[in-house]
file run04.tsv (TSV, C-alpha atoms)
chain	number	residue	atom	x	y	z
A	12	MET	CA	210.05	-133.98	-40.22
A	13	SER	CA	208.86	-131.91	-37.29
A	14	GLU	CA	210.56	-128.54	-37.09
A	15	ALA	CA	210.44	-128.56	-33.28
A	16	GLN	CA	213.96	-128.09	-31.97
A	17	ASP	CA	213.12	-130.20	-28.91
A	18	ALA	CA	212.30	-133.24	-31.06
A	19	LYS	CA	214.62	-136.01	-29.95
A	20	ILE	CA	217.28	-137.59	-32.14
A	21	TRP	CA	219.41	-140.54	-31.06
A	22	MET	CA	223.08	-139.80	-31.73
A	23	ASN	CA	225.91	-142.12	-30.84
A	24	GLY	CA	224.20	-143.71	-27.89
A	25	ARG	CA	222.19	-140.85	-26.40
A	26	LEU	CA	219.06	-138.85	-27.10
A	27	VAL	CA	219.57	-135.17	-27.84
A	28	ASP	CA	217.33	-132.29	-28.89
A	29	ARG	CA	217.13	-131.83	-32.63
A	30	GLY	CA	218.73	-128.41	-32.27
A	31	ASP	CA	221.74	-130.05	-30.64
A	32	ALA	CA	222.07	-132.87	-33.21
A	33	LYS	CA	224.91	-131.18	-35.06
A	34	VAL	CA	227.65	-132.39	-37.36
A	35	SER	CA	230.77	-130.68	-38.66
A	36	VAL	CA	230.78	-129.09	-42.10
A	37	LEU	CA	233.85	-131.27	-42.69
A	38	THR	CA	231.90	-134.47	-42.10
A	39	HIS	CA	233.34	-136.90	-44.66
A	40	THR	CA	229.95	-138.25	-45.74
A	41	LEU	CA	228.72	-134.73	-46.55
A	42	HIS	CA	231.49	-134.41	-49.13
A	43	TYR	CA	231.73	-137.92	-50.57
A	44	GLY	CA	228.43	-139.66	-49.83
A	45	VAL	CA	229.95	-142.66	-48.02
A	46	GLY	CA	227.16	-143.30	-45.55
A	47	VAL	CA	224.40	-145.89	-45.28
A	48	PHE	CA	220.84	-145.58	-44.08
A	49	GLU	CA	217.47	-147.25	-43.75
A	50	GLY	CA	213.83	-146.24	-44.14
A	51	ILE	CA	211.55	-147.99	-41.65
A	52	ARG	CA	207.93	-147.48	-40.57
A	53	CYS	CA	206.20	-147.77	-37.23
A	54	TYR	CA	202.45	-148.43	-37.29
A	55	LYS	CA	199.75	-148.06	-34.66
A	56	THR	CA	198.03	-151.38	-33.92
A	57	ALA	CA	195.38	-152.49	-31.44
A	58	GLU	CA	198.21	-153.90	-29.29
A	59	GLY	CA	200.22	-150.68	-29.40
A	60	SER	CA	202.86	-149.27	-31.70
A	61	ALA	CA	204.96	-151.74	-33.70
A	62	VAL	CA	207.80	-151.37	-36.18
A	63	PHE	CA	207.46	-153.35	-39.40
A	64	ARG	CA	210.30	-155.84	-39.87
A	65	LEU	CA	212.63	-153.80	-37.70
A	66	GLU	CA	215.31	-156.45	-37.28
A	67	ASP	CA	215.40	-157.13	-41.02
A	68	HIS	CA	215.95	-153.43	-41.65
A	69	ILE	CA	218.70	-153.17	-39.03
A	70	GLU	CA	220.40	-156.26	-40.45
A	71	ARG	CA	220.35	-154.65	-43.89
A	72	LEU	CA	221.75	-151.43	-42.40
A	73	LEU	CA	224.62	-153.34	-40.81
A	74	ASP	CA	225.21	-155.25	-44.04
A	75	SER	CA	225.40	-151.94	-45.92
A	76	ALA	CA	227.93	-150.63	-43.40
A	77	ARG	CA	229.96	-153.84	-43.66
A	78	ILE	CA	230.34	-153.41	-47.42
A	79	PHE	CA	231.97	-150.02	-46.76
A	80	LEU	CA	234.12	-151.37	-43.91
A	81	MET	CA	232.31	-149.16	-41.40
A	82	ASP	CA	231.83	-150.55	-37.89
A	83	PRO	CA	229.32	-148.45	-35.94
A	84	GLY	CA	230.08	-150.28	-32.71
A	85	TYR	CA	226.41	-151.16	-32.26
A	86	GLY	CA	224.75	-154.46	-33.06
A	87	LEU	CA	221.25	-155.57	-33.95
A	88	LYS	CA	219.93	-155.41	-30.38
A	89	GLU	CA	221.38	-152.00	-29.56
A	90	LEU	CA	220.15	-150.37	-32.77
A	91	SER	CA	216.69	-151.92	-32.47
A	92	GLU	CA	216.47	-150.53	-28.93
A	93	ALA	CA	217.72	-147.14	-30.18
A	94	VAL	CA	214.87	-147.02	-32.71
A	95	CYS	CA	212.26	-147.82	-30.06
A	96	ASP	CA	213.77	-145.35	-27.58
A	97	THR	CA	213.65	-142.59	-30.19
A	98	ILE	CA	210.00	-143.30	-31.04
A	99	LYS	CA	209.04	-143.24	-27.37
A	100	ALA	CA	211.05	-140.10	-26.66
A	101	ASN	CA	209.13	-138.27	-29.38
A	102	GLY	CA	205.73	-139.54	-28.21
A	103	LEU	CA	204.78	-140.91	-31.62
A	104	SER	CA	202.40	-143.81	-32.17
A	105	GLU	CA	203.11	-143.95	-35.92
A	106	CYS	CA	206.13	-142.61	-37.74
A	107	TYR	CA	208.83	-142.95	-40.36
A	108	ILE	CA	212.25	-143.92	-39.01
A	109	ARG	CA	215.63	-142.96	-40.46
A	110	PRO	CA	218.75	-144.62	-39.00
A	111	ILE	CA	222.01	-143.53	-40.62
A	112	ILE	CA	225.64	-144.58	-40.22
A	113	TYR	CA	228.16	-142.12	-41.60
A	114	LEU	CA	231.78	-141.04	-41.50
A	115	GLY	CA	232.43	-137.99	-39.36
A	116	ASP	CA	235.08	-135.30	-39.32
A	117	GLY	CA	238.48	-136.93	-39.68
A	118	GLY	CA	239.86	-134.80	-42.47
A	119	LEU	CA	239.07	-134.81	-46.15
A	120	GLY	CA	240.40	-137.12	-48.82
A	121	ILE	CA	239.30	-140.17	-50.78
A	122	TYR	CA	241.28	-142.65	-48.71
A	123	VAL	CA	239.44	-143.62	-45.54
A	124	ASP	CA	241.19	-145.16	-42.53
A	125	ASP	CA	240.61	-145.49	-38.81
A	126	LYS	CA	241.05	-141.78	-38.15
A	127	TYR	CA	237.55	-141.17	-39.53
A	128	PRO	CA	234.98	-141.64	-36.75
A	129	VAL	CA	231.95	-143.77	-37.58
A	130	GLU	CA	228.85	-141.91	-36.38
A	131	THR	CA	225.33	-143.30	-35.93
A	132	ALA	CA	222.01	-141.48	-35.61
A	133	VAL	CA	218.29	-142.27	-35.58
A	134	ALA	CA	215.55	-139.73	-36.40
A	135	VAL	CA	211.78	-140.22	-36.51
A	136	TRP	CA	208.91	-138.11	-37.83
A	137	ASN	CA	205.31	-138.26	-38.97
A	138	TRP	CA	205.05	-139.12	-42.66
A	139	GLY	CA	201.89	-140.18	-44.43
A	140	ALA	CA	201.52	-141.70	-47.88
A	141	TYR	CA	204.79	-140.95	-49.68
A	142	LEU	CA	203.18	-140.68	-53.11
A	143	GLY	CA	199.89	-139.22	-51.88
A	144	GLU	CA	196.67	-140.63	-50.49
A	145	GLU	CA	194.93	-140.22	-53.85
A	146	GLY	CA	197.75	-142.10	-55.56
A	147	MET	CA	197.29	-145.01	-53.15
A	148	LYS	CA	193.68	-145.37	-54.32
A	149	LYS	CA	193.76	-144.33	-57.97
A	150	GLY	CA	197.34	-145.00	-58.96
A	151	ILE	CA	200.17	-142.67	-59.96
A	152	LYS	CA	201.68	-141.46	-63.21
A	153	ILE	CA	205.32	-142.28	-63.85
A	154	ARG	CA	207.86	-141.74	-66.60
A	155	THR	CA	210.99	-143.52	-67.74
A	156	SER	CA	214.03	-141.65	-66.51
A	157	SER	CA	216.73	-140.43	-68.86
A	158	PHE	CA	219.17	-141.74	-66.24
A	159	ASN	CA	219.97	-145.45	-65.81
A	160	ARG	CA	220.11	-147.50	-62.63
A	161	TYR	CA	223.70	-148.36	-61.74
A	162	ASN	CA	225.48	-151.34	-63.25
A	163	VAL	CA	226.32	-153.93	-60.58
A	164	ASN	CA	230.02	-153.08	-60.92
A	165	THR	CA	229.56	-149.32	-60.84
A	166	THR	CA	228.79	-149.10	-57.12
A	167	ALA	CA	227.77	-151.28	-54.19
A	168	THR	CA	224.21	-152.01	-55.31
A	169	ARG	CA	223.48	-154.23	-52.29
A	170	SER	CA	224.14	-151.32	-49.94
A	171	LYS	CA	221.59	-148.60	-49.23
A	172	THR	CA	224.22	-145.93	-49.71
A	173	CYS	CA	223.71	-142.19	-49.32
A	174	GLY	CA	225.64	-141.32	-52.47
A	175	ASN	CA	223.71	-143.77	-54.63
A	176	TYR	CA	220.62	-141.59	-54.29
A	177	VAL	CA	222.05	-138.67	-56.28
A	178	THR	CA	220.70	-140.31	-59.44
A	179	SER	CA	217.36	-140.87	-57.71
A	180	VAL	CA	217.13	-137.17	-56.86
A	181	LEU	CA	217.78	-136.26	-60.50
A	182	ALA	CA	215.28	-138.80	-61.82
A	183	LYS	CA	212.53	-137.83	-59.37
A	184	ARG	CA	212.93	-134.15	-60.13
A	185	GLU	CA	212.86	-134.84	-63.87
A	186	ALA	CA	209.65	-136.85	-63.46
A	187	VAL	CA	207.86	-134.25	-61.33
A	188	MET	CA	208.90	-131.41	-63.63
A	189	SER	CA	207.32	-133.32	-66.53
A	190	GLY	CA	204.01	-133.65	-64.68
A	191	CYS	CA	204.46	-137.15	-63.30
A	192	ASP	CA	204.63	-138.47	-59.75
A	193	GLU	CA	207.64	-140.73	-59.93
A	194	ALA	CA	210.43	-142.02	-62.16
A	195	LEU	CA	211.21	-145.48	-63.49
A	196	PHE	CA	214.83	-146.54	-63.97
A	197	LEU	CA	216.04	-148.93	-66.64
A	198	ASP	CA	219.24	-150.85	-66.05
A	199	THR	CA	222.31	-150.43	-68.24
A	200	ASP	CA	221.06	-153.25	-70.51
A	201	GLY	CA	217.76	-151.47	-71.08
A	202	TYR	CA	215.53	-153.61	-68.86
A	203	VAL	CA	213.21	-152.25	-66.17
A	204	ALA	CA	215.04	-151.87	-62.84
A	205	GLU	CA	213.11	-149.95	-60.17
A	206	GLY	CA	211.78	-146.55	-59.18
A	207	SER	CA	213.78	-143.71	-57.66
A	208	GLY	CA	213.20	-145.20	-54.23
A	209	GLU	CA	210.95	-148.22	-54.80
A	210	ASN	CA	210.93	-151.73	-56.22
A	211	VAL	CA	208.45	-152.43	-59.01
A	212	PHE	CA	206.01	-155.20	-59.95
A	213	ILE	CA	203.84	-155.73	-63.00
A	214	VAL	CA	200.85	-158.07	-63.17
A	215	LYS	CA	200.15	-160.06	-66.34
A	216	ARG	CA	197.41	-162.68	-66.58
A	217	GLY	CA	197.26	-162.93	-62.80
A	218	ARG	CA	201.01	-163.49	-62.36
A	219	LEU	CA	203.32	-161.06	-60.57
A	220	ILE	CA	206.61	-160.25	-62.29
A	221	THR	CA	209.37	-158.30	-60.58
A	222	THR	CA	212.94	-157.40	-61.43
A	223	PRO	CA	215.50	-160.00	-60.29
A	224	MET	CA	218.19	-159.14	-57.79
A	225	THR	CA	220.67	-157.63	-60.21
A	226	ALA	CA	221.28	-153.91	-59.83
A	227	ILE	CA	218.31	-153.27	-57.55
A	228	LEU	CA	218.18	-152.86	-53.79
A	229	ARG	CA	217.05	-155.89	-51.79
A	230	GLY	CA	213.68	-154.45	-50.83
A	231	ILE	CA	212.15	-155.60	-47.56
A	232	THR	CA	208.65	-154.56	-48.61
A	233	ARG	CA	209.33	-156.29	-51.95
A	234	ASP	CA	210.16	-159.48	-50.08
A	235	SER	CA	207.04	-159.09	-47.93
A	236	ILE	CA	204.78	-158.76	-50.98
A	237	MET	CA	206.41	-161.75	-52.69
A	238	THR	CA	205.86	-163.84	-49.56
A	239	LEU	CA	202.30	-162.58	-49.14
A	240	ALA	CA	201.44	-163.16	-52.81
A	241	GLY	CA	202.79	-166.71	-52.67
A	242	ASP	CA	200.76	-167.43	-49.55
A	243	MET	CA	197.68	-166.14	-51.39
A	244	GLY	CA	198.26	-168.57	-54.25
A	245	LEU	CA	199.60	-166.04	-56.74
A	246	GLU	CA	202.51	-166.98	-58.99
A	247	VAL	CA	205.50	-164.68	-58.56
A	248	LEU	CA	208.30	-164.54	-61.14
A	249	GLU	CA	211.65	-162.80	-60.79
A	250	GLN	CA	212.68	-162.10	-64.36
A	251	ARG	CA	213.80	-159.26	-66.55
A	252	PHE	CA	211.17	-157.37	-68.48
A	253	THR	CA	211.17	-154.43	-70.87
A	254	LYS	CA	209.35	-151.12	-71.09
A	255	ASP	CA	207.08	-152.70	-73.69
A	256	ASP	CA	206.19	-155.45	-71.21
A	257	PHE	CA	205.35	-152.71	-68.72
A	258	TYR	CA	203.18	-150.85	-71.24
A	259	LEU	CA	201.25	-154.07	-71.93
A	260	ALA	CA	200.85	-155.12	-68.29
A	261	ASP	CA	197.40	-155.57	-66.77
A	262	GLU	CA	198.48	-153.81	-63.58
A	263	ALA	CA	201.61	-152.38	-62.00
A	264	PHE	CA	202.66	-151.12	-58.58
A	265	PHE	CA	205.63	-149.88	-56.56
A	266	THR	CA	206.68	-151.28	-53.19
A	267	GLY	CA	208.88	-149.74	-50.53
A	268	THR	CA	208.91	-148.58	-46.93
A	269	ALA	CA	207.94	-145.05	-47.96
A	270	ALA	CA	205.72	-146.02	-50.92
A	271	GLU	CA	204.23	-149.07	-49.14
A	272	VAL	CA	202.12	-150.55	-51.99
A	273	THR	CA	201.36	-147.81	-54.53
A	274	PRO	CA	199.47	-148.59	-57.77
A	275	ILE	CA	200.79	-147.27	-61.10
A	276	ARG	CA	198.14	-146.17	-63.58
A	277	GLU	CA	200.30	-144.70	-66.33
A	278	LEU	CA	203.83	-144.98	-67.74
A	279	ASP	CA	205.15	-142.54	-70.36
A	280	GLY	CA	201.62	-141.37	-71.19
A	281	ARG	CA	200.33	-144.92	-71.70
A	282	LYS	CA	197.56	-146.29	-69.51
A	283	ILE	CA	198.50	-149.44	-67.64
A	284	GLY	CA	195.58	-151.86	-67.89
A	285	ALA	CA	192.38	-149.95	-67.17
A	286	GLY	CA	194.36	-146.91	-66.06
A	287	SER	CA	193.49	-147.34	-62.39
A	288	ARG	CA	194.33	-149.53	-59.41
A	289	GLY	CA	193.84	-153.13	-60.50
A	290	PRO	CA	192.17	-155.95	-58.55
A	291	VAL	CA	195.38	-157.88	-57.77
A	292	THR	CA	197.12	-154.71	-56.59
A	293	GLU	CA	194.13	-153.78	-54.45
A	294	LYS	CA	194.02	-157.26	-52.90
A	295	LEU	CA	197.73	-157.16	-52.03
A	296	GLN	CA	197.50	-153.59	-50.82
A	297	LYS	CA	194.65	-154.42	-48.43
A	298	ALA	CA	196.43	-157.53	-47.16
A	299	PHE	CA	199.64	-155.55	-46.59
A	300	PHE	CA	197.89	-152.87	-44.55
A	301	ASP	CA	196.06	-155.51	-42.53
A	302	ILE	CA	199.45	-156.96	-41.62
A	303	VAL	CA	201.19	-153.71	-40.67
A	304	ASN	CA	198.16	-152.62	-38.64
A	305	GLY	CA	198.23	-155.87	-36.68
A	306	LYS	CA	195.06	-157.39	-38.15
A	307	ASN	CA	196.61	-160.63	-39.44
A	308	GLN	CA	198.18	-162.77	-36.73
A	309	LYS	CA	199.82	-165.06	-39.28
A	310	TYR	CA	202.38	-162.34	-39.89
A	311	ALA	CA	202.58	-160.98	-36.35
A	312	HIS	CA	206.27	-161.95	-36.28
A	313	TRP	CA	206.92	-159.10	-38.73
A	314	LEU	CA	205.84	-156.55	-36.11
A	315	TYR	CA	208.38	-155.44	-33.48
A	316	PRO	CA	206.54	-153.97	-30.47
A	317	VAL	CA	207.64	-150.57	-29.18
A	318	ARG	CA	207.82	-151.05	-25.42

call {"tool": "encode", "arguments": {"input": "run04.tsv", "output": "structure tokens"}}
result
Amino acid sequence: MSEAQDAKIWMNGRLVDRGDAKVSVLTHTLHYGVGVFEGIRCYKTAEGSAVFRLEDHIERLLDSARIFLMDPGYGLKELSEAVCDTIKANGLSECYIRPIIYLGDGGLGIYVDDKYPVETAVAVWNWGAYLGEEGMKKGIKIRTSSFNRYNVNTTATRSKTCGNYVTSVLAKREAVMSGCDEALFLDTDGYVAEGSGENVFIVKRGRLITTPMTAILRGITRDSIMTLAGDMGLEVLEQRFTKDDFYLADEAFFTGTAAEVTPIRELDGRKIGAGSRGPVTEKLQKAFFDIVNGKNQKYAHWLYPVR
């Protein structure tokens, strides 16, 4: 994120300088993690800047808030406009977007009632390839985390919740400290779940296999790739698979707003396929970037113009 204190952040209905976007140290979410957020990207196209699947992201944000009984007081239209206003106020043609809904200063304690204000903010900043430009071309190295993805009854797995990412922080740090780029979670039954902040696909004999909607987040990029692959004539299966299945895959890749479509070349010291970006991954990656950059009119409805 830009360090400029005059960068604009949308807070509770108005744009303020970053230096003035302040919260109390007694903000409830700071202590207990009960907040929800989204990661969204805006891309520069020939027709101007456009946000990829903005309304789908805002709907997921509002769904996340609903699970926690938080009403921000803003709907789909208002929050979509807030995102566009924040992009324009910062003069960015491409950026990463972070809306967040959180509980403010209403006292501390586990029980939450109406005395806790529900706050909403939107920040934007320049952010390139999350896992590195080289990783986008050659693939990344990952390792299986010693931590598990949450069981479906451990937390609200359908909500993109601030507190849920504590385990992701631990797993990512563990992976990087061991010389890898990213972590891979298994679920509590021992099957492959997802990355620290990404959904995962493997490719075997030309078929895409991805984790079913059990303990994983409902990924919007995941859904986009599944739709795109189907339209390209590729078979897509949602089924559980093991680490061994991953080791023996022909190709593998992560998907996510930050990661976009990132190839995986190695898991736990074992080469995946040829140990580089595979042909199916490359084909999907190219098609995805054509879409987000406005070069495929078939999917133009996924682009929300910033006007």

call {"tool": "residues_around", "arguments": {"input": "run04.tsv", "residues": "Thr199 of chain A", "least_positions_apart": "4", "cutoff": "7 Å", "atoms": "all atoms listed in the file", "output": "list in words"}}
result
Asn159, Arg160, Tyr161 and Asn162 of chain A

call {"tool": "write_last_selection", "arguments": {"input": "run04.tsv", "atoms": "C-alpha atoms", "output": "PDB file, in the frame of the given file"}}
result
ATOM      1  CA  ASN A 159     219.970-145.450 -65.810  1.00  0.00           C
ATOM      2  CA  ARG A 160     220.110-147.500 -62.630  1.00  0.00           C
ATOM      3  CA  TYR A 161     223.700-148.360 -61.740  1.00  0.00           C
ATOM      4  CA  ASN A 162     225.480-151.340 -63.250  1.00  0.00           C
TER       5      ASN A 162
END

call {"tool": "residues_around", "arguments": {"input": "run04.tsv", "residues": "Gly201 of chain A", "least_positions_apart": "6", "cutoff": "12 Å", "atoms": "all atoms listed in the file", "output": "list in words"}}
result
Thr155, Ser156, Ser157, Phe158, Asn159, Arg160, Tyr161, Asn162, Leu195, Arg251, Phe252, Thr253, Lys254 and Asp255 of chain A

call {"tool": "closest_atom_pairs", "arguments": {"input": "run04.tsv", "of": "segment 255-277 of chain A", "to": "segment 299-309 of chain A", "cutoff": "12 Å", "atoms": "all atoms listed in the file", "output": "tab-separated table"}}
result
residue	atom	partner	partner_atom	distance
A:Thr266	CA	A:Phe299	CA	10.6
A:Gly267	CA	A:Phe299	CA	11.6
A:Thr268	CA	A:Val303	CA	11.2
A:Glu271	CA	A:Phe299	CA	8.3
A:Val272	CA	A:Phe299	CA	7.8
A:Thr273	CA	A:Phe299	CA	11.2

call {"tool": "atom_distance", "arguments": {"input": "run04.tsv", "atom1": "atom CA of Pro274 of chain A", "atom2": "atom CA of Val211 of chain A"}}
result
9.8 Å

call {"tool": "residues_near_point", "arguments": {"input": "run04.tsv", "point": "(218.2, -147.7, -63.6)", "cutoff": "12 Å", "atoms": "only C-alpha atoms", "output": "PyMOL selection string"}}
result
chain A and resi 155-163+165+168+175-176+178-179+181-182+194-211+222+225-228

call {"tool": "closest_residue", "arguments": {"input": "run04.tsv", "among": "A:Ala100, A:Ala18, A:Val36, A:Leu142", "to": "Asp116 of chain A", "atoms": "only C-alpha atoms"}}
result
A:Val36

call {"tool": "residues_around", "arguments": {"input": "run04.tsv", "residues": "Val247 of chain A", "least_positions_apart": "4", "cutoff": "7 Å", "atoms": "all atoms listed in the file", "output": "list in words"}}
result
Arg218, Leu219, Ile220, Met237 and Gly241 of chain A

call {"tool": "closest_residue", "arguments": {"input": "run04.tsv", "among": "A:Ser91, A:Ser104, A:Ser170, A:Ser235", "to": "Ile69 of chain A", "atoms": "only C-alpha atoms"}}
result
A:Ser91

call {"tool": "atom_distance", "arguments": {"input": "run04.tsv", "atom1": "atom CA of Phe264 of chain A", "atom2": "atom CA of Lys148 of chain A"}}
result
11.5 Å

call {"tool": "atom_distance", "arguments": {"input": "run04.tsv", "atom1": "atom CA of Lys55 of chain A", "atom2": "atom CA of Ile213 of chain A"}}
result
29.6 Å

call {"tool": "closest_residue", "arguments": {"input": "run04.tsv", "among": "A:Gly217, A:Leu248, A:Met188, A:Gly280", "to": "Glu262 of chain A", "atoms": "all atoms listed in the file"}}
result
A:Gly217

call {"tool": "closest_residue", "arguments": {"input": "run04.tsv", "among": "A:Gln296, A:Arg233, A:Phe265, A:Val27", "to": "Asn101 of chain A", "atoms": "all atoms listed in the file"}}
result
A:Val27

call {"tool": "closest_residue", "arguments": {"input": "run04.tsv", "among": "A:Gly174, A:Gly284, A:Pro316, A:Leu295", "to": "Asp96 of chain A", "atoms": "all atoms listed in the file"}}
result
A:Pro316

call {"tool": "closest_residue", "arguments": {"input": "run04.tsv", "among": "A:Glu92, A:Lys215, A:Leu314, A:His39", "to": "Lys126 of chain A", "atoms": "all atoms listed in the file"}}
result
A:His39
